[in-house]
Amino acid sequence: MSTKKTSKNAAYTGLFAAIAASSCCIPPVIALIAGVGGSASALSWMEPFRPYLIGLAIIAIGYAWYNYLKPINADDCGCEIDEKPKWFQTKGFLIGITLFAAISISFPYYSHIFYPNNKKEVVIVNQSNIQTVNFDVEGMTCASCEQHVTHAVNELQGIVNVAASFEKANAKVEFDDSKTTKEDIEKAINSTGYKVINK
């Protein structure tokens with residue numbers, strides 16, 4: 001396989017590995033934008049592979065840069081080979097691939113900006129109506145998942161506060177039981193694609 005083809009394949013491998021590294025976090029945002037909640041957790045099974053995919057992306061893109069920056073070979077007569085590089089061998093292409101990979105890999109750290117703040121002001125008429133329930137939630141793997149669950153629950157009436165945690169695999173919800181029910185909250189969480197575990 002020629003160096004040119006190897007470099008191109010390395011760049012594409014790095015790009016796809018970078019996208020795959022954040023594929024567990026990208027669907028919740030796409031689901032929110034598209035209004036299709038149930039598909040949000042479809043790729044959460046890839047979360048354990050994230051460090052390996054990031055490593056693969058860095059190695060592959062690093063190899064593509066190495067091929068681009070290494071000295072130009074001379075032919076048998078000692079003359080430099082001066083041919084116009086193809087578009088995938090240009091510096092601009094490699095910079096674009098590298099930037100896109102970096103944006104994809106870091107997506108979980110800034111995905112929260114895509115979720116609008118839909119928390120409503122709740123007027124508490126009777127303090128005895130306020131309940132706090134802890135829901136065990138399966139499938140959340142990052143901060144983007146937390147935001148998706150929080151956004152879905154805040155769509156309901158009477159929600160005072162929602163604290164979702166992928167690390168604790170739960171969502172703690174404070175709500176006015178005269179305006180919404182535990183069952184409604186469970187349905188809202190399940191509609192995101194993550195599942196409430198009833199123990």
# chains A, B, ... in the order shown; residues from 1 in each chain; ligands from 1

call {"tool": "residues_around", "arguments": {"residues": "stretch 124-137 of chain A", "least_positions_apart": "6", "cutoff": "7 Å", "atoms": "only C-alpha atoms", "output": "PyMOL selection string"}}
result
chain A and resi 169-178+194-197

call {"tool": "residues_around", "arguments": {"residues": "A:Glu155", "least_positions_apart": "6", "cutoff": "9 Å", "atoms": "only C-alpha atoms", "output": "number ranges by chain"}}
result
A: 118-120, 188

call {"tool": "residues_around", "arguments": {"residues": "A:Tyr63", "least_positions_apart": "4", "cutoff": "12 Å", "atoms": "only C-alpha atoms", "output": "list in words"}}
result
Thr3, Lys4, Thr6, Ser7, Lys8, Asn9, Ala10, Ala11, Tyr12, Thr13, Gly14, Leu56, Ala57, Ile58, Ile59, Asn67, Tyr68, Leu69, Lys70, Leu94 and Thr98 of chain A

call {"tool": "write_last_selection", "arguments": {"atoms": "N, CA, C and O atoms", "output": "PDB file, in the first residue's frame"}}
result
ATOM      1  N   THR A   3       2.302   5.125   0.483  1.00  0.00           N
ATOM      2  CA  THR A   3       2.284   6.039   1.629  1.00  0.00           C
ATOM      3  C   THR A   3       1.103   6.990   1.546  1.00  0.00           C
ATOM      4  O   THR A   3       0.475   7.317   2.553  1.00  0.00           O
ATOM      5  N   LYS A   4       0.772   7.440   0.314  1.00  0.00           N
ATOM      6  CA  LYS A   4      -0.333   8.367   0.134  1.00  0.00           C
ATOM      7  C   LYS A   4      -1.650   7.747   0.580  1.00  0.00           C
ATOM      8  O   LYS A   4      -2.449   8.357   1.275  1.00  0.00           O
ATOM      9  N   THR A   6      -2.002   5.170   2.580  1.00  0.00           N
ATOM     10  CA  THR A   6      -1.925   4.903   4.011  1.00  0.00           C
ATOM     11  C   THR A   6      -2.231   6.167   4.811  1.00  0.00           C
ATOM     12  O   THR A   6      -2.956   6.126   5.797  1.00  0.00           O
ATOM     13  N   SER A   7      -1.693   7.299   4.364  1.00  0.00           N
ATOM     14  CA  SER A   7      -1.931   8.568   5.045  1.00  0.00           C
ATOM     15  C   SER A   7      -3.411   8.951   4.996  1.00  0.00           C
ATOM     16  O   SER A   7      -3.993   9.389   5.986  1.00  0.00           O
ATOM     17  N   LYS A   8      -4.030   8.773   3.834  1.00  0.00           N
ATOM     18  CA  LYS A   8      -5.453   9.069   3.676  1.00  0.00           C
ATOM     19  C   LYS A   8      -6.285   8.174   4.588  1.00  0.00           C
ATOM     20  O   LYS A   8      -7.169   8.644   5.307  1.00  0.00           O
ATOM     21  N   ASN A   9      -5.974   6.876   4.586  1.00  0.00           N
ATOM     22  CA  ASN A   9      -6.705   5.933   5.442  1.00  0.00           C
ATOM     23  C   ASN A   9      -6.518   6.263   6.917  1.00  0.00           C
ATOM     24  O   ASN A   9      -7.457   6.147   7.706  1.00  0.00           O
ATOM     25  N   ALA A  10      -5.305   6.676   7.295  1.00  0.00           N
ATOM     26  CA  ALA A  10      -5.034   7.036   8.693  1.00  0.00           C
ATOM     27  C   ALA A  10      -5.868   8.246   9.102  1.00  0.00           C
ATOM     28  O   ALA A  10      -6.441   8.281  10.189  1.00  0.00           O
ATOM     29  N   ALA A  11      -5.946   9.242   8.208  1.00  0.00           N
ATOM     30  CA  ALA A  11      -6.730  10.443   8.517  1.00  0.00           C
ATOM     31  C   ALA A  11      -8.202  10.100   8.685  1.00  0.00           C
ATOM     32  O   ALA A  11      -8.856  10.546   9.641  1.00  0.00           O
ATOM     33  N   TYR A  12      -8.750   9.292   7.782  1.00  0.00           N
ATOM     34  CA  TYR A  12     -10.154   8.896   7.892  1.00  0.00           C
ATOM     35  C   TYR A  12     -10.397   8.014   9.113  1.00  0.00           C
ATOM     36  O   TYR A  12     -11.417   8.155   9.792  1.00  0.00           O
ATOM     37  N   THR A  13      -9.468   7.130   9.417  1.00  0.00           N
ATOM     38  CA  THR A  13      -9.594   6.285  10.616  1.00  0.00           C
ATOM     39  C   THR A  13      -9.638   7.161  11.862  1.00  0.00           C
ATOM     40  O   THR A  13     -10.464   6.951  12.755  1.00  0.00           O
ATOM     41  N   GLY A  14      -8.744   8.148  11.921  1.00  0.00           N
ATOM     42  CA  GLY A  14      -8.728   9.062  13.060  1.00  0.00           C
ATOM     43  C   GLY A  14     -10.023   9.833  13.193  1.00  0.00           C
ATOM     44  O   GLY A  14     -10.560  10.001  14.288  1.00  0.00           O
ATOM     45  N   LEU A  56      -6.990   5.709  19.504  1.00  0.00           N
ATOM     46  CA  LEU A  56      -6.903   5.349  18.088  1.00  0.00           C
ATOM     47  C   LEU A  56      -6.951   6.600  17.215  1.00  0.00           C
ATOM     48  O   LEU A  56      -6.185   6.727  16.251  1.00  0.00           O
ATOM     49  N   ALA A  57      -7.835   7.540  17.558  1.00  0.00           N
ATOM     50  CA  ALA A  57      -7.947   8.787  16.783  1.00  0.00           C
ATOM     51  C   ALA A  57      -6.645   9.570  16.826  1.00  0.00           C
ATOM     52  O   ALA A  57      -6.165  10.058  15.790  1.00  0.00           O
ATOM     53  N   ILE A  58      -6.045   9.688  18.005  1.00  0.00           N
ATOM     54  CA  ILE A  58      -4.795  10.442  18.150  1.00  0.00           C
ATOM     55  C   ILE A  58      -3.663   9.773  17.368  1.00  0.00           C
ATOM     56  O   ILE A  58      -2.903  10.447  16.657  1.00  0.00           O
ATOM     57  N   ILE A  59      -3.552   8.455  17.475  1.00  0.00           N
ATOM     58  CA  ILE A  59      -2.496   7.732  16.758  1.00  0.00           C
ATOM     59  C   ILE A  59      -2.680   7.851  15.248  1.00  0.00           C
ATOM     60  O   ILE A  59      -1.733   8.140  14.511  1.00  0.00           O
ATOM     61  N   ASN A  67       3.225  11.460   8.024  1.00  0.00           N
ATOM     62  CA  ASN A  67       3.405  11.245   6.582  1.00  0.00           C
ATOM     63  C   ASN A  67       3.437  12.563   5.815  1.00  0.00           C
ATOM     64  O   ASN A  67       4.149  12.679   4.822  1.00  0.00           O
ATOM     65  N   TYR A  68       2.666  13.532   6.280  1.00  0.00           N
ATOM     66  CA  TYR A  68       2.646  14.826   5.600  1.00  0.00           C
ATOM     67  C   TYR A  68       3.957  15.590   5.826  1.00  0.00           C
ATOM     68  O   TYR A  68       4.486  16.225   4.907  1.00  0.00           O
ATOM     69  N   LEU A  69       4.481  15.540   7.053  1.00  0.00           N
ATOM     70  CA  LEU A  69       5.645  16.346   7.420  1.00  0.00           C
ATOM     71  C   LEU A  69       6.993  15.699   7.122  1.00  0.00           C
ATOM     72  O   LEU A  69       8.015  16.386   7.146  1.00  0.00           O
ATOM     73  N   LYS A  70       7.018  14.385   6.856  1.00  0.00           N
ATOM     74  CA  LYS A  70       8.321  13.739   6.624  1.00  0.00           C
ATOM     75  C   LYS A  70       8.922  14.249   5.314  1.00  0.00           C
ATOM     76  O   LYS A  70       8.196  14.688   4.415  1.00  0.00           O
ATOM     77  N   LEU A  94      -5.658  18.122   6.479  1.00  0.00           N
ATOM     78  CA  LEU A  94      -5.227  17.574   7.770  1.00  0.00           C
ATOM     79  C   LEU A  94      -5.626  18.479   8.929  1.00  0.00           C
ATOM     80  O   LEU A  94      -6.027  17.997   9.990  1.00  0.00           O
ATOM     81  N   THR A  98      -8.099  17.286  11.856  1.00  0.00           N
ATOM     82  CA  THR A  98      -7.626  17.394  13.242  1.00  0.00           C
ATOM     83  C   THR A  98      -8.587  18.223  14.087  1.00  0.00           C
ATOM     84  O   THR A  98      -8.937  17.841  15.212  1.00  0.00           O
TER      85      THR A  98
END

call {"tool": "select_by_dssp", "arguments": {"residues": "stretch 141-191 of chain A", "states": "strand (DSSP E)", "output": "list in words"}}
result
Ile159, Val160, Asn161, Val162, Ala163, Ala164, Ser165, Asn170, Ala171, Lys172, Val173, Glu174, Phe175 and Asp176 of chain A

call {"tool": "write_last_selection", "arguments": {"atoms": "all heavy atoms", "output": "compact mmCIF listing (two decimals), in the first residue's frame"}}
result
# COMPACT_ATOMS: atom_id res chain seq x y z
N ILE A 159 -42.61 20.76 38.57
CA ILE A 159 -41.26 20.29 38.90
C ILE A 159 -40.51 21.43 39.59
O ILE A 159 -40.35 22.52 39.04
CB ILE A 159 -40.49 19.84 37.64
CG1 ILE A 159 -41.24 18.71 36.93
CG2 ILE A 159 -39.07 19.43 38.00
CD1 ILE A 159 -41.44 17.45 37.74
N VAL A 160 -40.07 21.19 40.81
CA VAL A 160 -39.34 22.19 41.59
C VAL A 160 -37.86 22.11 41.27
O VAL A 160 -37.20 23.12 41.03
CB VAL A 160 -39.58 22.00 43.10
CG1 VAL A 160 -38.78 23.00 43.91
CG2 VAL A 160 -41.07 22.10 43.43
N ASN A 161 -37.31 20.89 41.25
CA ASN A 161 -35.87 20.72 40.99
C ASN A 161 -35.60 19.32 40.46
O ASN A 161 -36.25 18.35 40.87
CB ASN A 161 -35.07 20.97 42.27
CG ASN A 161 -33.58 21.03 42.00
OD1 ASN A 161 -33.15 21.63 41.01
ND2 ASN A 161 -32.80 20.41 42.86
N VAL A 162 -34.62 19.21 39.55
CA VAL A 162 -34.18 17.92 39.02
C VAL A 162 -32.67 17.87 39.12
O VAL A 162 -31.98 18.80 38.68
CB VAL A 162 -34.57 17.72 37.53
CG1 VAL A 162 -34.15 16.34 37.06
CG2 VAL A 162 -36.04 17.95 37.32
N ALA A 163 -32.14 16.81 39.68
CA ALA A 163 -30.69 16.60 39.74
C ALA A 163 -30.39 15.20 39.22
O ALA A 163 -30.50 14.22 39.94
CB ALA A 163 -30.18 16.77 41.16
N ALA A 164 -30.03 15.12 37.93
CA ALA A 164 -29.69 13.83 37.33
C ALA A 164 -28.18 13.63 37.42
O ALA A 164 -27.42 14.57 37.27
CB ALA A 164 -30.14 13.79 35.88
N SER A 165 -27.76 12.39 37.66
CA SER A 165 -26.34 12.07 37.77
C SER A 165 -26.05 10.76 37.05
O SER A 165 -26.60 9.72 37.42
CB SER A 165 -25.92 11.97 39.23
OG SER A 165 -24.62 11.43 39.34
N ASN A 170 -28.80 7.98 38.71
CA ASN A 170 -30.10 8.34 39.29
C ASN A 170 -30.54 9.73 38.87
O ASN A 170 -29.78 10.49 38.28
CB ASN A 170 -30.06 8.22 40.81
CG ASN A 170 -29.27 9.34 41.47
OD1 ASN A 170 -28.65 10.17 40.83
ND2 ASN A 170 -29.27 9.34 42.79
N ALA A 171 -31.77 10.03 39.19
CA ALA A 171 -32.33 11.37 39.01
C ALA A 171 -33.17 11.67 40.25
O ALA A 171 -34.13 10.97 40.54
CB ALA A 171 -33.19 11.44 37.76
N LYS A 172 -32.76 12.68 40.98
CA LYS A 172 -33.48 13.10 42.19
C LYS A 172 -34.41 14.23 41.78
O LYS A 172 -33.95 15.27 41.30
CB LYS A 172 -32.48 13.54 43.26
CG LYS A 172 -33.08 13.76 44.61
CD LYS A 172 -31.98 14.07 45.62
CE LYS A 172 -32.57 14.29 46.99
NZ LYS A 172 -31.52 14.60 47.99
N VAL A 173 -35.70 14.02 41.96
CA VAL A 173 -36.70 14.99 41.48
C VAL A 173 -37.55 15.48 42.65
O VAL A 173 -38.12 14.69 43.40
CB VAL A 173 -37.61 14.36 40.40
CG1 VAL A 173 -38.59 15.41 39.87
CG2 VAL A 173 -36.79 13.77 39.27
N GLU A 174 -37.63 16.79 42.77
CA GLU A 174 -38.49 17.44 43.76
C GLU A 174 -39.67 18.03 42.99
O GLU A 174 -39.47 18.78 42.02
CB GLU A 174 -37.71 18.53 44.49
CG GLU A 174 -38.42 19.12 45.67
CD GLU A 174 -37.57 20.19 46.39
OE1 GLU A 174 -36.43 20.44 45.96
OE2 GLU A 174 -38.09 20.77 47.35
N PHE A 175 -40.89 17.67 43.40
CA PHE A 175 -42.06 18.09 42.62
C PHE A 175 -43.28 18.31 43.50
O PHE A 175 -43.35 17.82 44.64
CB PHE A 175 -42.38 17.06 41.53
CG PHE A 175 -42.78 15.71 42.06
CD1 PHE A 175 -44.13 15.34 42.14
CD2 PHE A 175 -41.83 14.79 42.48
CE1 PHE A 175 -44.51 14.10 42.61
CE2 PHE A 175 -42.20 13.54 42.96
CZ PHE A 175 -43.55 13.19 43.03
N ASP A 176 -44.25 19.02 42.94
CA ASP A 176 -45.53 19.28 43.60
C ASP A 176 -46.49 18.18 43.15
O ASP A 176 -46.89 18.14 41.98
CB ASP A 176 -46.04 20.66 43.19
CG ASP A 176 -47.32 21.06 43.91
OD1 ASP A 176 -48.07 20.16 44.36
OD2 ASP A 176 -47.59 22.27 43.99

call {"tool": "atom_distance", "arguments": {"atom1": "atom CA of A:Ala102", "atom2": "atom CA of A:Tyr115"}}
result
21.1 Å

call {"tool": "residues_around", "arguments": {"residues": "A:Pro51", "least_positions_apart": "4", "cutoff": "12 Å", "atoms": "only C-alpha atoms", "output": "PyMOL selection string"}}
result
chain A and resi 17-18+20-22+46-47+55-58+105

call {"tool": "residues_around", "arguments": {"residues": "A:Pro108", "least_positions_apart": "5", "cutoff": "9 Å", "atoms": "only C-alpha atoms", "output": "PyMOL selection string"}}
result
chain A and resi 22+24-26+142-144

call {"tool": "write_last_selection", "arguments": {"atoms": "C-alpha atoms", "output": "tab-separated table (two decimals), in the first residue's frame"}}
result
chain	number	residue	atom	x	y	z
A	22	SER	CA	-18.38	10.65	21.44
A	24	CYS	CA	-22.63	7.91	23.21
A	25	CYS	CA	-23.09	11.65	23.82
A	26	ILE	CA	-24.10	12.95	20.41
A	142	CYS	CA	-22.14	11.37	30.47
A	143	ALA	CA	-23.22	14.93	31.26
A	144	SER	CA	-25.13	15.09	27.99

call {"tool": "atom_distance", "arguments": {"atom1": "atom CA of A:Ile97", "atom2": "atom CA of A:Ile61"}}
result
8.0 Å

call {"tool": "atom_distance", "arguments": {"atom1": "atom CA of A:Ser23", "atom2": "atom CA of A:Glu167"}}
result
18.2 Å

call {"tool": "decode", "arguments": {"residues": "stretch 37-184 of chain A", "atoms": "C-alpha atoms", "output": "mmCIF file, in the first residue's frame"}}
result
data_model
loop_
_atom_site.group_PDB
_atom_site.id
_atom_site.type_symbol
_atom_site.label_atom_id
_atom_site.label_comp_id
_atom_site.auth_asym_id
_atom_site.auth_seq_id
_atom_site.Cartn_x
_atom_site.Cartn_y
_atom_site.Cartn_z
ATOM 1 C CA GLY A 37 -36.362 11.176 22.568
ATOM 2 C CA GLY A 38 -36.439 7.392 22.491
ATOM 3 C CA SER A 39 -33.273 6.966 20.440
ATOM 4 C CA ALA A 40 -31.082 8.917 22.843
ATOM 5 C CA SER A 41 -29.423 5.991 24.595
ATOM 6 C CA ALA A 42 -28.951 3.833 21.476
ATOM 7 C CA LEU A 43 -25.148 4.082 21.496
ATOM 8 C CA SER A 44 -24.524 4.290 25.239
ATOM 9 C CA TRP A 45 -22.928 0.816 25.080
ATOM 10 C CA MET A 46 -19.898 2.466 23.402
ATOM 11 C CA GLU A 47 -18.980 4.526 26.487
ATOM 12 C CA PRO A 48 -16.484 1.936 27.893
ATOM 13 C CA PHE A 49 -14.587 2.042 24.570
ATOM 14 C CA ARG A 50 -14.204 5.846 24.622
ATOM 15 C CA PRO A 51 -10.567 5.927 25.905
ATOM 16 C CA TYR A 52 -9.491 3.380 23.271
ATOM 17 C CA LEU A 53 -11.270 5.239 20.478
ATOM 18 C CA ILE A 54 -9.663 8.522 21.548
ATOM 19 C CA GLY A 55 -6.256 6.800 21.543
ATOM 20 C CA LEU A 56 -6.903 5.349 18.088
ATOM 21 C CA ALA A 57 -7.947 8.787 16.783
ATOM 22 C CA ILE A 58 -4.795 10.442 18.150
ATOM 23 C CA ILE A 59 -2.496 7.732 16.758
ATOM 24 C CA ALA A 60 -4.164 7.678 13.332
ATOM 25 C CA ILE A 61 -4.208 11.464 12.920
ATOM 26 C CA GLY A 62 -0.652 11.673 14.285
ATOM 27 C CA TYR A 63 0.450 9.137 11.658
ATOM 28 C CA ALA A 64 -1.269 11.151 8.911
ATOM 29 C CA TRP A 65 0.615 14.274 10.081
ATOM 30 C CA TYR A 66 3.864 12.301 10.226
ATOM 31 C CA ASN A 67 3.405 11.245 6.582
ATOM 32 C CA TYR A 68 2.646 14.826 5.600
ATOM 33 C CA LEU A 69 5.645 16.346 7.420
ATOM 34 C CA LYS A 70 8.321 13.739 6.624
ATOM 35 C CA PRO A 71 10.933 14.720 4.011
ATOM 36 C CA ILE A 72 10.030 14.261 0.329
ATOM 37 C CA ASN A 73 11.638 11.205 -1.252
ATOM 38 C CA ALA A 74 14.002 11.621 -4.156
ATOM 39 C CA ASP A 75 13.782 9.411 -7.221
ATOM 40 C CA ASP A 76 16.662 7.275 -8.606
ATOM 41 C CA CYS A 77 18.376 10.230 -10.300
ATOM 42 C CA GLY A 78 18.504 12.182 -7.029
ATOM 43 C CA CYS A 79 15.887 14.693 -8.164
ATOM 44 C CA GLU A 80 13.046 15.706 -5.871
ATOM 45 C CA ILE A 81 9.667 14.398 -6.915
ATOM 46 C CA ASP A 82 7.552 17.483 -7.440
ATOM 47 C CA GLU A 83 3.972 16.472 -8.072
ATOM 48 C CA LYS A 84 0.865 18.332 -7.000
ATOM 49 C CA PRO A 85 -0.573 16.701 -3.860
ATOM 50 C CA LYS A 86 -4.107 15.401 -3.914
ATOM 51 C CA TRP A 87 -6.667 17.233 -1.749
ATOM 52 C CA PHE A 88 -6.447 14.642 1.062
ATOM 53 C CA GLN A 89 -2.663 15.210 1.237
ATOM 54 C CA THR A 90 -2.899 18.950 1.764
ATOM 55 C CA LYS A 91 -2.224 20.772 4.995
ATOM 56 C CA GLY A 92 -5.730 22.260 4.941
ATOM 57 C CA PHE A 93 -7.308 18.797 4.819
ATOM 58 C CA LEU A 94 -5.227 17.574 7.770
ATOM 59 C CA ILE A 95 -5.962 20.713 9.785
ATOM 60 C CA GLY A 96 -9.685 20.263 9.071
ATOM 61 C CA ILE A 97 -9.618 16.585 10.090
ATOM 62 C CA THR A 98 -7.626 17.394 13.242
ATOM 63 C CA LEU A 99 -9.978 20.216 14.301
ATOM 64 C CA PHE A 100 -13.101 18.169 13.594
ATOM 65 C CA ALA A 101 -11.660 15.245 15.591
ATOM 66 C CA ALA A 102 -10.843 17.548 18.525
ATOM 67 C CA ILE A 103 -14.375 19.008 18.459
ATOM 68 C CA SER A 104 -15.880 15.500 18.344
ATOM 69 C CA ILE A 105 -13.719 14.136 21.177
ATOM 70 C CA SER A 106 -14.467 17.104 23.444
ATOM 71 C CA PHE A 107 -18.226 17.094 22.679
ATOM 72 C CA PRO A 108 -19.286 15.648 26.084
ATOM 73 C CA TYR A 109 -17.692 18.640 27.821
ATOM 74 C CA TYR A 110 -19.693 21.309 25.996
ATOM 75 C CA SER A 111 -22.857 19.472 24.879
ATOM 76 C CA HIS A 112 -24.872 21.109 27.679
ATOM 77 C CA ILE A 113 -24.996 24.364 25.678
ATOM 78 C CA PHE A 114 -27.417 22.731 23.230
ATOM 79 C CA TYR A 115 -30.022 22.159 25.946
ATOM 80 C CA PRO A 116 -32.227 25.203 26.563
ATOM 81 C CA ASN A 117 -33.070 26.029 30.156
ATOM 82 C CA ASN A 118 -36.720 24.960 30.409
ATOM 83 C CA LYS A 119 -37.000 25.097 34.191
ATOM 84 C CA LYS A 120 -40.263 26.774 35.209
ATOM 85 C CA GLU A 121 -40.981 28.878 38.255
ATOM 86 C CA VAL A 122 -43.230 26.801 40.524
ATOM 87 C CA VAL A 123 -45.601 28.527 42.934
ATOM 88 C CA ILE A 124 -45.864 26.340 46.022
ATOM 89 C CA VAL A 125 -49.330 26.666 47.523
ATOM 90 C CA ASN A 126 -49.024 23.920 50.117
ATOM 91 C CA GLN A 127 -45.592 22.761 51.328
ATOM 92 C CA SER A 128 -47.039 19.336 52.212
ATOM 93 C CA ASN A 129 -47.575 18.686 48.481
ATOM 94 C CA ILE A 130 -43.833 18.817 47.804
ATOM 95 C CA GLN A 131 -42.225 15.393 47.421
ATOM 96 C CA THR A 132 -38.687 14.318 46.633
ATOM 97 C CA VAL A 133 -38.244 11.005 44.821
ATOM 98 C CA ASN A 134 -35.020 9.327 43.777
ATOM 99 C CA PHE A 135 -35.305 7.461 40.447
ATOM 100 C CA ASP A 136 -32.656 4.874 39.566
ATOM 101 C CA VAL A 137 -31.937 5.437 35.873
ATOM 102 C CA GLU A 138 -30.162 2.985 33.584
ATOM 103 C CA GLY A 139 -28.184 3.990 30.481
ATOM 104 C CA MET A 140 -26.796 7.467 31.300
ATOM 105 C CA THR A 141 -23.082 7.667 30.520
ATOM 106 C CA CYS A 142 -22.142 11.367 30.466
ATOM 107 C CA ALA A 143 -23.218 14.931 31.261
ATOM 108 C CA SER A 144 -25.131 15.089 27.988
ATOM 109 C CA CYS A 145 -27.330 12.202 29.180
ATOM 110 C CA GLU A 146 -27.986 14.056 32.448
ATOM 111 C CA GLN A 147 -29.037 17.159 30.534
ATOM 112 C CA HIS A 148 -31.416 15.156 28.365
ATOM 113 C CA VAL A 149 -33.135 13.617 31.408
ATOM 114 C CA THR A 150 -33.282 16.982 33.209
ATOM 115 C CA HIS A 151 -34.755 18.673 30.127
ATOM 116 C CA ALA A 152 -37.450 15.987 29.707
ATOM 117 C CA VAL A 153 -38.526 16.110 33.374
ATOM 118 C CA ASN A 154 -38.608 19.929 33.416
ATOM 119 C CA GLU A 155 -41.198 19.809 30.614
ATOM 120 C CA LEU A 156 -43.734 18.616 33.221
ATOM 121 C CA GLN A 157 -45.793 20.956 35.391
ATOM 122 C CA GLY A 158 -44.950 21.250 39.081
ATOM 123 C CA ILE A 159 -41.260 20.294 38.904
ATOM 124 C CA VAL A 160 -39.339 22.188 41.586
ATOM 125 C CA ASN A 161 -35.872 20.721 40.988
ATOM 126 C CA VAL A 162 -34.175 17.916 39.024
ATOM 127 C CA ALA A 163 -30.688 16.604 39.737
ATOM 128 C CA ALA A 164 -29.689 13.829 37.333
ATOM 129 C CA SER A 165 -26.339 12.072 37.765
ATOM 130 C CA PHE A 166 -24.819 9.569 35.350
ATOM 131 C CA GLU A 167 -22.169 8.662 37.948
ATOM 132 C CA LYS A 168 -24.807 7.721 40.536
ATOM 133 C CA ALA A 169 -27.185 6.402 37.831
ATOM 134 C CA ASN A 170 -30.102 8.341 39.288
ATOM 135 C CA ALA A 171 -32.331 11.372 39.014
ATOM 136 C CA LYS A 172 -33.483 13.096 42.186
ATOM 137 C CA VAL A 173 -36.697 14.988 41.480
ATOM 138 C CA GLU A 174 -38.493 17.436 43.762
ATOM 139 C CA PHE A 175 -42.062 18.091 42.621
ATOM 140 C CA ASP A 176 -45.529 19.277 43.603
ATOM 141 C CA ASP A 177 -47.711 16.146 43.685
ATOM 142 C CA SER A 178 -50.847 18.231 43.126
ATOM 143 C CA LYS A 179 -49.543 19.128 39.640
ATOM 144 C CA THR A 180 -47.706 15.995 38.520
ATOM 145 C CA THR A 181 -47.190 12.414 39.647
ATOM 146 C CA LYS A 182 -44.323 10.032 40.160
ATOM 147 C CA GLU A 183 -45.653 7.985 37.231
ATOM 148 C CA ASP A 184 -45.595 11.026 34.921
#
